[in-house]
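Peer 1: work_29.csv is the file, holding CSV, C-alpha atoms:
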chain,number,residue,atom,x,y,z
A,153,MET,CA,29.8,-24.5,47.1
A,154,PHE,CA,31.5,-27.1,44.9
A,155,ASP,CA,31.5,-26.7,41.1
A,156,SER,CA,31.7,-30.3,40.2
A,157,HIS,CA,32.3,-29.8,36.5
A,158,THR,CA,34.0,-26.8,34.9
A,159,HIS,CA,36.4,-26.1,32.1
A,160,LEU,CA,38.7,-23.4,33.6
A,161,ASN,CA,41.2,-25.0,31.2
A,162,ALA,CA,39.4,-23.6,28.2
A,163,GLU,CA,41.0,-20.8,26.1
A,164,GLN,CA,38.2,-18.4,27.2
A,165,PHE,CA,40.0,-18.3,30.6
A,166,ASN,CA,43.6,-17.8,29.4
A,167,ASP,CA,43.8,-14.2,30.6
A,168,ASP,CA,42.0,-14.1,33.9
A,169,ILE,CA,42.1,-17.3,35.9
A,170,PRO,CA,43.2,-15.6,39.2
A,171,GLU,CA,40.4,-13.0,38.8
A,172,THR,CA,37.9,-15.7,38.0
A,173,LEU,CA,38.8,-17.6,41.1
A,174,ALA,CA,38.6,-14.5,43.2
A,175,ARG,CA,35.1,-13.8,41.9
A,176,ALA,CA,34.1,-17.5,42.6
A,177,ALA,CA,35.4,-17.1,46.2
A,178,GLU,CA,33.3,-14.0,46.7
A,179,LEU,CA,30.2,-16.0,45.6
A,180,ASP,CA,31.2,-18.7,48.1
A,181,VAL,CA,32.3,-21.2,45.4
A,182,ARG,CA,35.3,-22.6,47.2
A,183,GLU,CA,36.2,-25.9,45.4
A,184,MET,CA,35.9,-27.0,41.8
A,185,ALA,CA,36.7,-29.9,39.5
A,186,VAL,CA,38.2,-29.0,36.2
A,187,VAL,CA,37.6,-31.4,33.4
A,188,GLY,CA,40.2,-32.4,30.7
A,189,PHE,CA,39.1,-34.5,27.8
A,190,ASP,CA,42.0,-34.6,25.3
A,191,TYR,CA,45.8,-34.1,25.5
A,192,PRO,CA,45.9,-30.2,25.6
A,193,THR,CA,43.0,-29.8,28.0
A,194,ILE,CA,44.2,-32.6,30.3
A,195,GLU,CA,47.7,-31.0,30.5
A,196,LYS,CA,46.1,-27.7,31.4
A,197,THR,CA,43.8,-29.3,34.0
A,198,LEU,CA,46.7,-31.1,35.7
A,199,ALA,CA,48.7,-27.8,35.8
A,200,LEU,CA,45.9,-25.9,37.4
A,201,SER,CA,45.5,-28.5,40.1
A,202,GLN,CA,49.2,-28.3,40.8
A,203,GLU,CA,49.0,-24.5,41.1
A,204,TYR,CA,45.8,-24.0,43.0
A,205,PRO,CA,44.9,-26.1,46.1
A,206,ASN,CA,41.1,-25.8,45.5
A,207,ILE,CA,41.2,-27.1,41.9
A,208,TRP,CA,40.8,-30.9,41.4
A,209,SER,CA,41.2,-32.7,38.1
A,210,ILE,CA,38.8,-35.0,36.2
A,211,ILE,CA,40.5,-36.5,33.2
A,212,GLY,CA,39.3,-38.8,30.4
A,213,TRP,CA,38.6,-39.0,26.7
A,214,HIS,CA,35.5,-37.3,25.4
A,215,PRO,CA,33.2,-39.2,23.1
A,216,THR,CA,33.8,-36.6,20.3
A,217,GLU,CA,37.5,-37.6,20.5
A,218,ALA,CA,36.7,-41.4,20.5
A,219,GLY,CA,38.3,-42.0,17.1
A,220,SER,CA,41.7,-40.9,18.5
A,221,TYR,CA,41.6,-43.2,21.5
A,222,ASN,CA,44.5,-45.7,21.3
A,223,ALA,CA,47.0,-47.6,23.5
A,224,ASP,CA,49.1,-44.4,24.0
A,225,VAL,CA,46.1,-42.5,25.2
A,226,GLU,CA,45.2,-45.3,27.5
A,227,LYS,CA,48.7,-45.4,29.0
A,228,TYR,CA,48.7,-41.7,29.4
A,229,LEU,CA,45.4,-41.7,31.3
A,230,GLN,CA,46.4,-44.6,33.5
A,231,THR,CA,49.6,-42.7,34.4
A,232,HIS,CA,47.8,-39.5,35.4
A,233,LEU,CA,44.8,-41.2,37.1
A,234,GLN,CA,47.3,-41.9,39.9
A,235,ASP,CA,48.0,-38.2,40.5
A,236,PRO,CA,46.8,-37.3,44.0
A,237,PHE,CA,44.6,-34.5,42.8
A,238,VAL,CA,42.7,-36.5,40.1
A,239,VAL,CA,39.3,-37.3,41.6
A,240,ALA,CA,37.4,-38.9,38.7
A,241,LEU,CA,37.6,-40.2,35.1
A,242,GLY,CA,35.7,-38.2,32.6
A,243,GLU,CA,34.1,-36.8,30.8
A,244,ILE,CA,33.3,-40.0,29.0
A,245,GLY,CA,30.1,-41.2,27.3
A,246,LEU,CA,28.2,-40.9,24.0
A,247,ASP,CA,27.6,-37.9,21.8
A,248,TYR,CA,25.2,-38.6,18.9
A,249,HIS,CA,24.7,-34.8,18.3
A,250,TRP,CA,28.1,-34.1,16.8
A,251,MET,CA,28.6,-37.7,15.7
A,252,GLU,CA,32.3,-37.3,15.2
A,253,ASP,CA,32.8,-41.1,15.3
A,254,PRO,CA,30.4,-44.0,14.7
A,255,LYS,CA,28.3,-45.3,17.6
A,256,GLU,CA,30.3,-48.6,17.7
A,257,VAL,CA,33.5,-46.6,18.3
A,258,GLN,CA,32.0,-44.4,21.0
A,259,ASP,CA,30.5,-47.5,22.6
A,260,LYS,CA,33.8,-49.3,22.7
A,261,VAL,CA,35.8,-46.3,24.1
A,262,PHE,CA,33.1,-45.6,26.7
A,263,ARG,CA,33.1,-49.2,28.0
A,264,ARG,CA,36.9,-49.3,28.0
A,265,GLN,CA,37.2,-46.2,30.2
A,266,ILE,CA,34.6,-47.5,32.6
A,267,ALA,CA,36.8,-50.6,33.0
A,268,ILE,CA,39.8,-48.4,33.7
A,269,ALA,CA,37.8,-46.3,36.2
A,270,LYS,CA,37.1,-49.6,38.0
A,271,GLU,CA,40.8,-50.5,38.0
A,272,PHE,CA,41.6,-47.2,39.8
A,273,ASN,CA,38.4,-47.2,41.9
A,274,LEU,CA,37.4,-43.8,40.6
A,275,PRO,CA,34.0,-42.4,39.9
A,276,ILE,CA,33.1,-41.5,36.3
A,277,SER,CA,31.8,-38.2,34.9
A,278,VAL,CA,29.3,-39.0,32.0
A,279,HIS,CA,28.6,-36.9,29.0
A,280,THR,CA,25.5,-37.9,27.0
A,281,ARG,CA,24.0,-35.9,24.2
A,282,ASP,CA,21.1,-37.2,22.0
A,283,ALA,CA,22.1,-40.7,23.3
A,284,ILE,CA,20.4,-41.1,26.7
A,285,GLU,CA,19.0,-44.6,26.1
A,286,ASP,CA,22.2,-46.1,24.9
A,287,THR,CA,24.1,-44.3,27.7
A,288,TYR,CA,21.8,-45.8,30.3
A,289,GLN,CA,22.1,-49.3,28.7
A,290,ILE,CA,25.9,-49.2,28.7
A,291,LEU,CA,26.1,-48.0,32.4
A,292,LYS,CA,23.7,-50.8,33.3
A,293,GLU,CA,25.5,-53.5,31.4
A,294,GLU,CA,28.9,-52.4,32.8
A,295,ASP,CA,27.5,-52.3,36.4
A,296,VAL,CA,29.0,-49.0,37.6
A,297,ARG,CA,27.4,-49.2,41.1
A,298,ASP,CA,30.8,-50.0,42.8
A,299,ILE,CA,32.5,-46.8,41.5
A,300,GLY,CA,29.5,-44.6,41.0
A,301,GLY,CA,29.7,-41.3,39.1
A,302,ILE,CA,28.0,-38.3,37.7
A,303,MET,CA,25.4,-37.7,35.0
A,304,HIS,CA,27.0,-34.3,34.2
A,305,SER,CA,24.9,-31.3,33.2
A,306,TYR,CA,21.8,-33.5,33.4
A,307,SER,CA,19.2,-32.5,30.8
A,308,GLY,CA,16.9,-35.5,30.6
A,309,SER,CA,13.5,-36.4,32.1
A,310,ALA,CA,12.7,-37.2,35.7
A,311,GLU,CA,12.0,-40.7,34.6
A,312,PHE,CA,15.5,-41.2,33.2
A,313,ALA,CA,17.0,-39.5,36.2
A,314,LYS,CA,15.4,-42.2,38.4
A,315,LYS,CA,16.9,-44.9,36.2
A,316,PHE,CA,20.4,-43.4,36.5
A,317,LEU,CA,19.9,-43.1,40.3
A,318,ASP,CA,19.0,-46.8,40.4
A,319,LEU,CA,22.4,-47.5,38.9
A,320,GLY,CA,24.1,-45.7,41.7
A,321,MET,CA,24.8,-42.5,39.8
A,322,HIS,CA,24.6,-38.9,41.1
A,323,ILE,CA,22.8,-36.3,39.0
A,324,SER,CA,24.5,-33.0,38.4
A,325,PHE,CA,22.6,-29.8,37.4
A,326,SER,CA,24.1,-26.9,35.5
A,327,GLY,CA,22.8,-23.4,34.6
A,328,VAL,CA,20.2,-25.1,32.3
A,329,VAL,CA,18.0,-25.5,35.4
A,330,THR,CA,17.6,-21.7,35.4
A,331,PHE,CA,16.2,-21.6,31.8
A,332,LYS,CA,12.5,-20.9,31.6
A,333,LYS,CA,11.8,-23.7,29.1
A,334,ALA,CA,13.9,-26.3,30.8
A,335,LEU,CA,10.8,-27.9,32.5
A,336,ASP,CA,12.1,-31.5,32.4
A,337,VAL,CA,15.3,-30.4,34.1
A,338,GLN,CA,13.4,-28.4,36.7
A,339,GLU,CA,11.1,-31.4,37.4
A,340,SER,CA,14.2,-33.6,37.8
A,341,THR,CA,15.7,-31.3,40.4
A,342,GLN,CA,12.6,-31.6,42.5
A,343,MET,CA,12.6,-35.5,42.6
A,344,VAL,CA,16.4,-36.3,42.8
A,345,PRO,CA,17.2,-37.0,46.4
A,346,LEU,CA,19.3,-34.2,47.8
A,347,ASP,CA,22.1,-36.7,48.9
A,348,LYS,CA,22.5,-37.8,45.2
A,349,MET,CA,22.6,-34.3,43.7
A,350,LEU,CA,25.6,-32.2,42.5
A,351,VAL,CA,25.9,-28.8,41.0
A,352,GLU,CA,28.1,-27.5,38.3
A,353,THR,CA,28.6,-24.7,35.7
A,354,ASP,CA,30.2,-26.5,32.7
A,355,ALA,CA,31.9,-23.1,32.3
A,356,PRO,CA,32.5,-21.4,29.9
A,357,TYR,CA,29.3,-22.9,28.5
A,358,LEU,CA,25.7,-22.9,29.6
A,359,ALA,CA,25.7,-19.7,31.7
A,360,PRO,CA,22.7,-19.5,34.0
A,361,MET,CA,20.2,-16.7,34.1
A,362,PRO,CA,20.8,-13.7,34.3
A,363,TYR,CA,24.1,-14.3,32.4
A,364,ARG,CA,22.7,-16.6,29.7
A,365,GLY,CA,24.6,-16.2,26.4
A,366,LYS,CA,27.7,-14.8,28.1
A,367,ARG,CA,30.8,-16.6,29.3
A,368,ASN,CA,30.0,-18.8,32.2
A,369,GLU,CA,32.4,-19.1,35.1
A,370,PRO,CA,32.7,-21.2,38.3
A,371,GLY,CA,31.2,-18.5,40.6
A,372,TYR,CA,27.9,-18.8,38.8
A,373,THR,CA,27.4,-22.2,40.6
A,374,ARG,CA,25.7,-19.9,43.1
A,375,TYR,CA,22.8,-19.2,40.6
A,376,VAL,CA,22.3,-22.9,40.0
A,377,VAL,CA,22.1,-23.5,43.8
A,378,GLU,CA,19.7,-20.7,44.3
A,379,LYS,CA,17.4,-21.9,41.5
A,380,ILE,CA,17.4,-25.5,42.9
A,381,ALA,CA,16.6,-24.1,46.4
A,382,GLU,CA,13.7,-22.1,45.0
A,383,LEU,CA,12.3,-25.1,43.1
A,384,ARG,CA,12.6,-27.3,46.2
A,385,ASN,CA,11.4,-24.7,48.7
A,386,MET,CA,14.6,-24.9,50.6
A,387,SER,CA,17.3,-22.4,51.7
A,388,THR,CA,20.3,-21.8,49.5
A,389,GLU,CA,22.6,-22.6,52.3
A,390,ASP,CA,21.0,-26.1,52.8
A,391,VAL,CA,21.3,-27.0,49.1
A,392,ALA,CA,24.9,-25.6,49.0
A,393,THR,CA,26.0,-27.5,52.1
A,394,GLN,CA,24.5,-30.8,51.0
A,395,THR,CA,25.8,-30.7,47.4
A,396,PHE,CA,29.2,-29.7,48.7
A,397,HIS,CA,29.3,-32.7,51.0
A,398,ASN,CA,28.1,-34.9,48.2
A,399,ALA,CA,31.0,-33.9,46.0
A,400,GLU,CA,33.4,-34.2,48.8
A,401,LYS,CA,32.2,-37.8,49.5
A,402,LEU,CA,32.0,-38.9,45.9
A,403,PHE,CA,35.5,-37.5,45.1
A,404,LYS,CA,36.9,-39.0,48.3
A,405,LEU,CA,38.0,-35.6,49.6
A,406,GLU,CA,36.7,-35.8,53.1
A,407,GLY,CA,39.4,-34.5,55.4
A,408,LYS,CA,41.4,-33.0,52.5
A,409,ILE,CA,39.4,-29.7,52.0
For the structure just supplied, provide its representation as structure tokens.
Peer 2:
Amino acid sequence: MFDSHTHLNAEQFNDDIPETLARAAELDVREMAVVGFDYPTIEKTLALSQEYPNIWSIIGWHPTEAGSYNADVEKYLQTHLQDPFVVALGEIGLDYHWMEDPKEVQDKVFRRQIAIAKEFNLPISVHTRDAIEDTYQILKEEDVRDIGGIMHSYSGSAEFAKKFLDLGMHISFSGVVTFKKALDVQESTQMVPLDKMLVETDAPYLAPMPYRGKRNEPGYTRYVVEKIAELRNMSTEDVATQTFHNAEKLFKLEGKI
């Protein structure tokens, strides 16, 4: 299995990264993309990729950090997007829940990073919270089909999932799909074509059942895969195999892992 979005760079993992990776391997989670979204987390992400051959890096500037985006940040990102283990630009997008910066600022930084992703021919990992309509509109206007990307930890409706699919995006499901009341997300997992689906943990957040409320970790990707298999009346192995291949293809890792 491939955890397409995790934060093994978070302080919650400071003391037990080797043990966490060992547990993931035991649960058959073999590859993962660790996401950095500001200077400290990006530095940690890049260091992890240099140390562990099964950890890939996704780097970008999170919408809650949009106000600090400037020419120096942009140059820093452009430098490290050329690193061989960086597979996507993210997580980028809009966050109207925390609203750290005005919508106009978030919009501008989101669009600029999409342009950079196009320059480097990298897919994007998109964060959207309480902003799904504006996120869709920007992705549509910026025409992301050529690079593609991921609607990370998707929590919207099946109708919006189809809209994002029509733009060429992949839909990634996290532990939220295991929550009893997440009916929209569960419905989405049943209609998203399997070849456009990814799985993730967003660890240390959003731990799936039966670990809800505890620290999430990459190995728990297995519980996401199992729930999707149950909802689609498929085998866990088939869902794992296809979503692994989807990540491998999107991140251009075929032949490298």
Peer 1: Quote the spacing between atom CA of A:Gln265 and atom CA of A:Asn166 in Å to one decimal place.
Peer 2: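 Interatomic distance, atom CA of A:Gln265 to atom CA of A:Asn166: 29.1 Å.
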Peer 1: Just to confirm, what's the straight-line distance from atom CA of A:Gln234 to atom CA of A:Thr393 in Å (one decimal)?
Peer 2: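 Taking atom CA of A:Gln234 and atom CA of A:Thr393, their separation equals 28.5 Å.
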Peer 1: Taking (26.4, -33.7, 31.8) in the file's own coordinates, collect the residues within 10 Å, counting all atoms listed in the file, and hand them back as a PyMOL selection string.
Peer 2: chain A and resi 157+243-245+277-281+302-308+323-326+352+354
Peer 1: Within 12 Å of A:Lys314, counting all atoms listed in the file, which residues show up once you throw out same-chain ones fewer than 2 positions away? Write them as an MDAnalysis selection string, please.
Peer 2: chainID A and resid 288 303 306 308:312 316:323 339:345 348:349
Peer 1: Name the closest residue to A:Arg264 among the candidates A:Glu378, A:Gly300, A:Ala218, A:Glu369; distances are taken between atoms, counting only C-alpha atoms.
Peer 2: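 Selected residue with least distance to A:Arg264: A:Ala218.
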Peer 1: Please report as CSV every residue of stretch 377-400 of chain A lying within 12 Å of stretch 185-192 of chain A, along with the nearest atom pair and their distance in Å (one decimal), using only C-alpha atoms.
Peer 2:
residue,atom,partner,partner_atom,distance
A:Phe396,CA,A:Ala185,CA,11.9
A:Ala399,CA,A:Ala185,CA,9.5
A:Glu400,CA,A:Ala185,CA,10.8
Peer 1: Between atom CA of A:Met153 and atom CA of A:Arg374, what is the spacing in Å?
Peer 2: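 One can read the atom CA of A:Arg374 to atom CA of A:Met153 distance as 7.3 Å.
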Peer 1: Select, from A:Asp167, A:Asp390, A:Glu406, A:Asp155, the residue with the minimum atom-to-atom distance to A:Leu179, counting all atoms listed in the file.
Peer 2: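 Closest to A:Leu179 of all the choices is A:Asp155.
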Peer 1: Tell me which protein, DNA and RNA residues are within 8 Å of stretch 271-273 of chain A, counting all atoms listed in the file, leaving out same-chain ones fewer than 4 positions away, and put them as a list in words.
Peer 2: Leu233, Gln234, Ala267 and Ile299 of chain A
Peer 1: Put those residues in a file: C-alpha atoms, as a short mmCIF file (atom, residue, chain, number, x, y, z; two decimals), in the frame of the given file.
Peer 2:
data_model
loop_
_atom_site.label_atom_id
_atom_site.label_comp_id
_atom_site.auth_asym_id
_atom_site.auth_seq_id
_atom_site.Cartn_x
_atom_site.Cartn_y
_atom_site.Cartn_z
CA LEU A 233 44.80 -41.20 37.10
CA GLN A 234 47.30 -41.90 39.90
CA ALA A 267 36.80 -50.60 33.00
CA ILE A 299 32.50 -46.80 41.50
#
Peer 1: Between A:Ser201, A:Lys292, A:Tyr228, A:Ala355, which residue has the minimum interatomic distance to A:Trp213, considering only C-alpha atoms?
Peer 2: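 Ranking A:Ser201, A:Lys292, A:Tyr228, A:Ala355 by distance to A:Trp213, first place goes to A:Tyr228.
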Peer 1: Identify, on the basis of all atoms listed in the file, every residue whose closest approach to A:Thr193 does not exceed 12 Å; exclude the query and any residue fewer than 4 positions from it along the same chain; express the result as a list in words.
Peer 2: Thr158, His159, Leu160, Asn161, Ala162, Glu163, Val186, Val187, Gly188, Phe189, Thr197, Leu198, Ala199, Leu200, Ser209, Ile210, Ile211, Gly212, Trp213, His214 and Glu243 of chain A
Peer 1: If we count only C-alpha atoms and set the cut-off at 6 Å, which residues sit around A:Gly327, ignoring sequence neighbours fewer than 5 positions away in its own chain? Please answer as a list in words.
Peer 2: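 Result of the neighbour search: Leu358, Ala359, Pro360 and Val376 of chain A.
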Peer 1: Find the residue from A:Ile409, A:Asp295, A:Ala283, A:Thr373 that sits nearest to A:Glu178; use all atoms listed in the file when measuring.
Peer 2: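 Of all the options, A:Thr373 lies closest to A:Glu178.
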Peer 1: Rank nothing, just name the residue among A:Ala392, A:Ala240, A:Leu405, A:Leu246 nearest to A:Asp180, using only C-alpha atoms.
Peer 2: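 For A:Asp180, the nearest of the candidates is A:Ala392.
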